[in-house]
>>> print(open('query.cif').read())   # mmCIF, C-alpha atoms, pLDDT in the B column; chains and numbers go by the auth columns
data_model
loop_
_atom_site.group_PDB
_atom_site.id
_atom_site.type_symbol
_atom_site.label_atom_id
_atom_site.label_comp_id
_atom_site.label_asym_id
_atom_site.label_seq_id
_atom_site.Cartn_x
_atom_site.Cartn_y
_atom_site.Cartn_z
_atom_site.B_iso_or_equiv
_atom_site.auth_seq_id
_atom_site.auth_asym_id
ATOM 1 C CA MET A 1 117.263 73.097 96.620 84.00 304 A
ATOM 2 C CA GLU A 2 119.697 74.339 99.258 94.00 305 A
ATOM 3 C CA THR A 3 121.177 77.639 100.331 95.00 306 A
ATOM 4 C CA ILE A 4 124.880 77.892 99.533 97.00 307 A
ATOM 5 C CA ASN A 5 127.028 80.559 101.167 96.00 308 A
ATOM 6 C CA LEU A 6 130.105 82.048 99.525 96.00 309 A
ATOM 7 C CA PHE A 7 133.525 83.106 100.796 96.00 310 A
ATOM 8 C CA GLY A 8 134.674 86.056 98.713 94.00 311 A
ATOM 9 C CA ALA A 9 132.724 89.094 97.538 92.00 312 A
ATOM 10 C CA SER A 10 134.208 90.086 94.185 89.00 313 A
ATOM 11 C CA GLY A 11 133.547 89.698 90.479 91.00 314 A
ATOM 12 C CA HIS A 12 134.166 85.963 90.655 95.00 315 A
ATOM 13 C CA ALA A 13 131.507 85.734 93.388 95.00 316 A
ATOM 14 C CA LYS A 14 128.981 87.353 91.043 95.00 317 A
ATOM 15 C CA VAL A 15 129.545 84.563 88.518 96.00 318 A
ATOM 16 C CA VAL A 16 129.339 81.863 91.191 97.00 319 A
ATOM 17 C CA MET A 17 126.045 83.323 92.454 96.00 320 A
ATOM 18 C CA ASP A 18 124.626 83.097 88.927 97.00 321 A
ATOM 19 C CA ILE A 19 125.738 79.453 88.673 98.00 322 A
ATOM 20 C CA ILE A 20 124.182 78.616 92.039 97.00 323 A
ATOM 21 C CA ALA A 21 120.874 80.099 90.859 96.00 324 A
ATOM 22 C CA ALA A 22 121.097 78.316 87.489 97.00 325 A
ATOM 23 C CA GLN A 23 121.568 74.926 89.173 96.00 326 A
ATOM 24 C CA GLY A 24 118.390 75.515 91.196 96.00 327 A
ATOM 25 C CA ASP A 25 119.921 76.503 94.522 97.00 328 A
ATOM 26 C CA THR A 26 119.983 79.821 96.388 95.00 329 A
ATOM 27 C CA ALA A 27 123.010 81.950 97.207 95.00 330 A
ATOM 28 C CA GLY A 28 123.043 82.873 100.894 94.00 331 A
ATOM 29 C CA VAL A 29 125.383 85.249 102.684 94.00 332 A
ATOM 30 C CA LEU A 30 128.870 86.130 101.517 94.00 333 A
ATOM 31 C CA TYR A 31 131.906 86.214 103.796 94.00 334 A
ATOM 32 C CA ASP A 32 135.045 88.196 103.084 91.00 335 A
ATOM 33 C CA ASP A 33 138.214 88.918 105.060 87.00 336 A
ATOM 34 C CA ALA A 34 138.236 92.536 103.858 84.00 337 A
ATOM 35 C CA PRO A 35 134.791 93.361 102.469 79.00 338 A
ATOM 36 C CA HIS A 36 134.504 96.397 100.229 81.00 339 A
ATOM 37 C CA CYS A 37 130.708 96.448 100.360 79.00 340 A
ATOM 38 C CA ALA A 38 127.833 95.532 102.684 87.00 341 A
ATOM 39 C CA THR A 39 125.847 93.787 99.945 84.00 342 A
ATOM 40 C CA LEU A 40 126.610 92.225 96.569 80.00 343 A
ATOM 41 C CA HIS A 41 123.744 91.689 94.124 89.00 344 A
ATOM 42 C CA GLY A 42 121.330 91.893 97.040 86.00 345 A
ATOM 43 C CA HIS A 43 123.178 89.409 99.276 88.00 346 A
ATOM 44 C CA THR A 44 124.619 90.394 102.662 86.00 347 A
ATOM 45 C CA VAL A 45 128.415 90.524 102.915 90.00 348 A
ATOM 46 C CA LEU A 46 129.857 89.744 106.362 89.00 349 A
ATOM 47 C CA LYS A 47 133.409 90.187 107.595 90.00 350 A
ATOM 48 C CA ALA A 48 134.758 86.668 108.083 86.00 351 A
ATOM 49 C CA SER A 49 136.705 87.567 111.228 82.00 352 A
ATOM 50 C CA ASP A 50 133.474 88.724 112.920 84.00 353 A
ATOM 51 C CA HIS A 51 131.167 85.956 111.636 87.00 354 A
ATOM 52 C CA ALA A 52 132.325 82.340 111.455 83.00 355 A
ATOM 53 C CA PRO A 53 131.504 81.052 107.952 88.00 356 A
ATOM 54 C CA GLU A 54 128.850 78.345 107.752 87.00 357 A
ATOM 55 C CA GLY A 55 128.442 75.657 105.138 87.00 358 A
ATOM 56 C CA PRO A 56 127.527 74.575 102.643 96.00 359 A
ATOM 57 C CA LEU A 57 130.070 76.973 101.177 96.00 360 A
ATOM 58 C CA VAL A 58 131.836 77.745 97.898 98.00 361 A
ATOM 59 C CA ILE A 59 135.078 79.732 98.036 97.00 362 A
ATOM 60 C CA SER A 60 134.407 82.355 95.374 97.00 363 A
ATOM 61 C CA ILE A 61 137.977 83.676 95.018 96.00 364 A
ATOM 62 C CA GLY A 62 140.071 83.326 91.877 95.00 365 A
ATOM 63 C CA SER A 63 143.482 82.972 93.549 96.00 366 A
ATOM 64 C CA ASN A 64 144.427 79.305 93.907 98.00 367 A
ATOM 65 C CA ARG A 65 146.655 79.951 96.935 98.00 368 A
ATOM 66 C CA VAL A 66 143.970 81.959 98.733 96.00 369 A
ATOM 67 C CA ARG A 67 141.346 79.258 98.072 97.00 370 A
ATOM 68 C CA LYS A 68 143.688 76.684 99.591 98.00 371 A
ATOM 69 C CA MET A 69 144.390 78.886 102.630 96.00 372 A
ATOM 70 C CA ILE A 70 140.675 79.418 103.288 95.00 373 A
ATOM 71 C CA ALA A 71 139.803 75.730 102.771 96.00 374 A
ATOM 72 C CA GLU A 72 142.480 74.742 105.292 95.00 375 A
ATOM 73 C CA ARG A 73 141.282 77.376 107.758 93.00 376 A
ATOM 74 C CA HIS A 74 137.574 76.434 107.597 91.00 377 A
ATOM 75 C CA THR A 75 136.692 72.742 107.779 89.00 378 A
ATOM 76 C CA LEU A 76 133.087 72.957 106.581 92.00 379 A
ATOM 77 C CA ARG A 77 130.838 71.178 104.134 95.00 380 A
ATOM 78 C CA TYR A 78 131.705 72.564 100.726 97.00 381 A
ATOM 79 C CA ALA A 79 129.238 72.627 97.857 97.00 382 A
ATOM 80 C CA THR A 80 129.887 72.278 94.130 97.00 383 A
ATOM 81 C CA ALA A 81 128.618 74.901 91.681 97.00 384 A
ATOM 82 C CA LEU A 82 127.885 73.279 88.316 98.00 385 A
ATOM 83 C CA HIS A 83 126.232 75.383 85.623 98.00 386 A
ATOM 84 C CA PRO A 84 123.595 73.416 83.677 97.00 387 A
ATOM 85 C CA GLY A 85 125.096 74.860 80.485 97.00 388 A
ATOM 86 C CA ALA A 86 128.265 72.819 81.087 98.00 389 A
ATOM 87 C CA ILE A 87 128.597 69.360 79.548 98.00 390 A
ATOM 88 C CA VAL A 88 129.874 66.810 82.059 98.00 391 A
ATOM 89 C CA ALA A 89 130.187 63.095 81.289 98.00 392 A
ATOM 90 C CA SER A 90 128.432 60.788 83.709 98.00 393 A
ATOM 91 C CA SER A 91 131.748 59.023 84.389 98.00 394 A
ATOM 92 C CA ALA A 92 133.598 62.268 85.215 98.00 395 A
ATOM 93 C CA GLY A 93 134.227 63.256 88.829 98.00 396 A
ATOM 94 C CA ILE A 94 134.101 66.759 90.305 98.00 397 A
ATOM 95 C CA GLY A 95 135.468 67.446 93.775 98.00 398 A
ATOM 96 C CA CYS A 96 133.854 69.410 96.573 97.00 399 A
ATOM 97 C CA GLY A 97 133.983 73.196 96.423 98.00 400 A
ATOM 98 C CA SER A 98 134.703 73.236 92.691 98.00 401 A
ATOM 99 C CA VAL A 99 133.017 75.572 90.203 98.00 402 A
ATOM 100 C CA VAL A 100 132.227 74.566 86.608 98.00 403 A
ATOM 101 C CA MET A 101 131.077 77.488 84.453 98.00 404 A
ATOM 102 C CA GLN A 102 128.922 77.913 81.370 97.00 405 A
ATOM 103 C CA GLY A 103 130.094 76.135 78.254 98.00 406 A
ATOM 104 C CA ALA A 104 132.739 74.018 79.978 98.00 407 A
ATOM 105 C CA ILE A 105 133.131 70.436 78.747 98.00 408 A
ATOM 106 C CA ILE A 106 134.397 67.615 80.964 98.00 409 A
ATOM 107 C CA GLN A 107 134.702 64.307 79.130 98.00 410 A
ATOM 108 C CA SER A 108 134.627 60.618 80.111 98.00 411 A
ATOM 109 C CA ASP A 109 136.611 59.499 83.161 98.00 412 A
ATOM 110 C CA ALA A 110 138.119 62.950 83.729 98.00 413 A
ATOM 111 C CA SER A 111 138.681 63.836 87.370 98.00 414 A
ATOM 112 C CA ILE A 112 138.481 67.375 88.752 98.00 415 A
ATOM 113 C CA GLY A 113 139.884 67.907 92.260 98.00 416 A
ATOM 114 C CA ASP A 114 138.535 69.922 95.173 98.00 417 A
ATOM 115 C CA HIS A 115 138.137 73.722 95.027 98.00 418 A
ATOM 116 C CA CYS A 116 138.937 73.957 91.307 98.00 419 A
ATOM 117 C CA ILE A 117 137.664 76.471 88.777 98.00 420 A
ATOM 118 C CA VAL A 118 136.770 75.161 85.323 98.00 421 A
ATOM 119 C CA ASN A 119 136.062 78.479 83.675 98.00 422 A
ATOM 120 C CA SER A 120 133.784 79.447 80.790 98.00 423 A
ATOM 121 C CA GLY A 121 134.300 77.298 77.706 98.00 424 A
ATOM 122 C CA ALA A 122 137.211 75.301 79.143 98.00 425 A
ATOM 123 C CA SER A 123 137.554 71.777 77.756 98.00 426 A
ATOM 124 C CA VAL A 124 138.854 68.785 79.727 98.00 427 A
ATOM 125 C CA ASP A 125 139.087 65.651 77.620 98.00 428 A
ATOM 126 C CA HIS A 126 138.931 61.978 78.604 98.00 429 A
ATOM 127 C CA ASP A 127 141.025 60.597 81.466 98.00 430 A
ATOM 128 C CA CYS A 128 142.502 63.941 82.520 98.00 431 A
ATOM 129 C CA ARG A 129 143.498 64.222 86.187 98.00 432 A
ATOM 130 C CA ILE A 130 143.180 67.720 87.662 98.00 433 A
ATOM 131 C CA GLY A 131 144.571 68.287 91.175 98.00 434 A
ATOM 132 C CA ASN A 132 143.025 70.380 93.942 98.00 435 A
ATOM 133 C CA PHE A 133 142.943 74.204 93.714 98.00 436 A
ATOM 134 C CA VAL A 134 143.583 74.279 89.943 98.00 437 A
ATOM 135 C CA HIS A 135 142.160 77.071 87.760 98.00 438 A
ATOM 136 C CA LEU A 136 141.471 76.302 84.103 98.00 439 A
ATOM 137 C CA SER A 137 140.899 79.728 82.553 98.00 440 A
ATOM 138 C CA PRO A 138 138.313 80.524 79.852 98.00 441 A
ATOM 139 C CA HIS A 139 138.657 78.477 76.655 98.00 442 A
ATOM 140 C CA SER A 140 141.692 76.536 77.814 98.00 443 A
ATOM 141 C CA THR A 141 141.883 73.049 76.282 98.00 444 A
ATOM 142 C CA LEU A 142 143.290 69.904 77.850 98.00 445 A
ATOM 143 C CA CYS A 143 143.507 66.980 75.425 98.00 446 A
ATOM 144 C CA GLY A 144 143.191 63.403 76.667 97.00 447 A
ATOM 145 C CA ASN A 145 145.229 61.918 79.526 98.00 448 A
ATOM 146 C CA VAL A 146 146.627 65.244 80.767 98.00 449 A
ATOM 147 C CA THR A 147 147.624 65.538 84.430 98.00 450 A
ATOM 148 C CA VAL A 148 147.648 68.943 86.152 98.00 451 A
ATOM 149 C CA GLY A 149 149.131 69.216 89.652 98.00 452 A
ATOM 150 C CA GLU A 150 147.712 71.029 92.665 98.00 453 A
ATOM 151 C CA GLY A 151 147.397 74.798 92.489 98.00 454 A
ATOM 152 C CA THR A 152 148.345 75.205 88.838 98.00 455 A
ATOM 153 C CA TRP A 153 146.835 78.000 86.759 98.00 456 A
ATOM 154 C CA ILE A 154 146.241 77.315 83.048 98.00 457 A
ATOM 155 C CA GLY A 155 145.832 80.631 81.200 98.00 458 A
ATOM 156 C CA ALA A 156 143.006 81.649 78.894 98.00 459 A
ATOM 157 C CA GLY A 157 143.104 79.927 75.521 98.00 460 A
ATOM 158 C CA ALA A 158 146.042 77.666 76.401 98.00 461 A
ATOM 159 C CA THR A 159 146.171 74.231 74.770 98.00 462 A
ATOM 160 C CA VAL A 160 147.791 71.182 76.354 98.00 463 A
ATOM 161 C CA ILE A 161 148.342 68.228 74.013 98.00 464 A
ATOM 162 C CA GLN A 162 147.490 64.665 75.024 98.00 465 A
ATOM 163 C CA GLY A 163 149.491 62.814 77.659 98.00 466 A
ATOM 164 C CA ILE A 164 151.274 65.852 79.138 98.00 467 A
ATOM 165 C CA ASN A 165 152.074 66.125 82.849 98.00 468 A
ATOM 166 C CA ILE A 166 152.030 69.624 84.370 98.00 469 A
ATOM 167 C CA GLY A 167 153.405 69.896 87.888 98.00 470 A
ATOM 168 C CA ARG A 168 152.117 71.533 91.053 98.00 471 A
ATOM 169 C CA TRP A 169 151.765 75.310 91.442 98.00 472 A
ATOM 170 C CA CYS A 170 152.695 76.145 87.849 98.00 473 A
ATOM 171 C CA THR A 171 151.531 79.080 85.760 98.00 474 A
ATOM 172 C CA ILE A 172 150.850 78.420 82.079 98.00 475 A
ATOM 173 C CA GLY A 173 150.461 81.637 80.094 97.00 476 A
ATOM 174 C CA ALA A 174 147.435 82.640 78.055 98.00 477 A
ATOM 175 C CA GLY A 175 147.484 81.161 74.565 98.00 478 A
ATOM 176 C CA ALA A 176 150.339 78.777 75.349 98.00 479 A
ATOM 177 C CA VAL A 177 150.653 75.493 73.460 98.00 480 A
ATOM 178 C CA VAL A 178 152.076 72.907 75.849 98.00 481 A
ATOM 179 C CA VAL A 179 153.847 70.056 74.033 97.00 482 A
ATOM 180 C CA ARG A 180 156.280 68.929 76.782 97.00 483 A
ATOM 181 C CA ASP A 181 155.931 68.100 80.472 97.00 484 A
ATOM 182 C CA ILE A 182 156.218 71.049 82.875 97.00 485 A
ATOM 183 C CA PRO A 183 157.951 70.633 86.281 97.00 486 A
ATOM 184 C CA ASP A 184 156.572 71.795 89.640 97.00 487 A
ATOM 185 C CA GLY A 185 156.582 75.542 90.234 97.00 488 A
ATOM 186 C CA ALA A 186 157.361 76.537 86.642 97.00 489 A
ATOM 187 C CA THR A 187 156.104 79.558 84.751 97.00 490 A
ATOM 188 C CA ALA A 188 155.803 78.730 81.064 97.00 491 A
ATOM 189 C CA TYR A 189 154.293 80.421 78.021 96.00 492 A
ATOM 190 C CA GLY A 190 154.510 80.741 74.260 96.00 493 A
ATOM 191 C CA ASN A 191 153.922 78.573 71.205 96.00 494 A
ATOM 192 C CA PRO A 192 155.507 76.134 71.627 95.00 495 A
ATOM 193 C CA CYS A 193 155.404 76.638 75.379 93.00 496 A
ATOM 194 C CA ARG A 194 158.805 77.306 76.971 94.00 497 A
ATOM 195 C CA ILE A 195 159.732 77.348 80.630 94.00 498 A
ATOM 196 C CA LYS A 196 160.794 80.841 81.649 88.00 499 A
ATOM 197 C CA HIS A 197 161.686 80.109 85.277 74.00 500 A
ATOM 198 C CA VAL A 198 161.149 77.585 88.038 67.00 501 A
#
>>> encode(input="query.cif", output="structure tokens")
Amino acid sequence: METINLFGASGHAKVVMDIIAAQGDTAGVLYDDAPHCATLHGHTVLKASDHAPEGPLVISIGSNRVRKMIAERHTLRYATALHPGAIVASSAGIGCGSVVMQGAIIQSDASIGDHCIVNSGASVDHDCRIGNFVHLSPHSTLCGNVTVGEGTWIGAGATVIQGINIGRWCTIGAGAVVVRDIPDGATAYGNPCRIKHV
């Protein structure tokens, strides 16, 4: 058992604290650049500019860009929050600082990067490659051999068919069905998924 601190004091932090407790660890203090409260679920919230964050740490902020900014600003030991209600193959890899929520499934030889969010009920099938700072929203589905580039956000309930490559810093809309590769920086949604702008 270890004490894991959090950076970010919002609704996402509440979920991460529950995961930390479920995996048998203890949530410590929370840091925030602009705290709106002094405590969150009984844990002290400190202003990050007044108190240098200490590791092990999980960045408990939903924004992919903000997670990247904080990770680059603070070179600490980052912990992984893995809910015991997730199913993770023994051959899968999960990077530091990543959060895997209840009901998520990560299959054989899948690779999850650093500081990712694999949200409730998300499914990552065999041999998928997920870059750093990716967010897979609730009940999104990646079929086998999908690649998702750094910083991309896959919306709730989206489905990506096997073998697709999604670029860096893309946004895939909720409920989208992705049947073609998506270039870097694209916003795409619909069924079938169409690129709306790059």
>>> atom_distance(input="query.cif", atom1="atom CA of Glu305 of chain A", atom2="atom CA of Val427 of chain A")
27.9 Å
>>> closest_atom_pairs(input="query.cif", of="segment 312-386 of chain A", to="segment 440-444 of chain A", cutoff="12 Å", atoms="only C-alpha atoms", output="Markdown table")
| residue | atom | partner | partner_atom | distance |
| --- | --- | --- | --- | --- |
| A:Gly365 | CA | A:Ser440 | CA | 10.0 |
| A:Ser366 | CA | A:Ser440 | CA | 11.8 |
| A:Asn367 | CA | A:Ser440 | CA | 11.9 |
>>> write_last_selection(input="query.cif", atoms="C-alpha atoms", output="PDB file, keeping the file's coordinate frame")
ATOM      1  CA  GLY A 365     140.071  83.326  91.877  1.00 95.00           C
ATOM      2  CA  SER A 366     143.482  82.972  93.549  1.00 96.00           C
ATOM      3  CA  ASN A 367     144.427  79.305  93.907  1.00 98.00           C
TER       4      ASN A 367
END
>>> resolve_selection(input="query.cif", expression="the PyMOL selection byres ((chain A and resi 323-329) around 8)", output="PyMOL selection string")
chain A and resi 304-307+319-322+330-331+384-387
>>> residues_around(input="query.cif", residues="Gly424 of chain A", least_positions_apart="4", cutoff="12 Å", atoms="only C-alpha atoms", output="list in words")
His386, Gly388, Ala389, Ile390, Val403, Met404, Gln405, Gly406, Ala407, Ile408, Ile409, Ile420, Leu439, Ser440, Pro441, His442, Ser443, Thr444, Leu445, Ala459, Gly460 and Ala461 of chain A
>>> resolve_selection(input="query.cif", expression="the PyMOL selection byres ((chain A and resi 370) around 10)", output="PyMOL selection string")
chain A and resi 310-311+361-369+371-376+400+418-419+435-437+454
>>> atom_distance(input="query.cif", atom1="atom CA of Gly447 of chain A", atom2="atom CA of Cys399 of chain A")
22.8 Å
>>> closest_residue(input="query.cif", among="A:Gly466, A:Pro486, A:Gly416, A:Gly452", to="His429 of chain A", atoms="all atoms listed in the file")
A:Gly466
>>> atom_distance(input="query.cif", atom1="atom CA of Asp484 of chain A", atom2="atom CA of Ile467 of chain A")
5.3 Å
>>> residues_around(input="query.cif", residues="Val449 of chain A", least_positions_apart="5", cutoff="12 Å", atoms="all atoms listed in the file", output="PyMOL selection string")
chain A and resi 412-415+426-434+444+462-470+481-485
>>> closest_residue(input="query.cif", among="A:Arg380, A:His339, A:Arg497, A:His438", to="Leu360 of chain A", atoms="all atoms listed in the file")
A:Arg380
>>> resolve_selection(input="query.cif", expression="the PyMOL selection byres ((chain A and resi 499) around 12)", output="PyMOL selection string")
chain A and resi 473-476+485-486+488-493+496-498+500-501
>>> closest_residue(input="query.cif", among="A:Ile457, A:Ala312, A:Leu379, A:Ala392", to="Asn422 of chain A", atoms="only C-alpha atoms")
A:Ile457
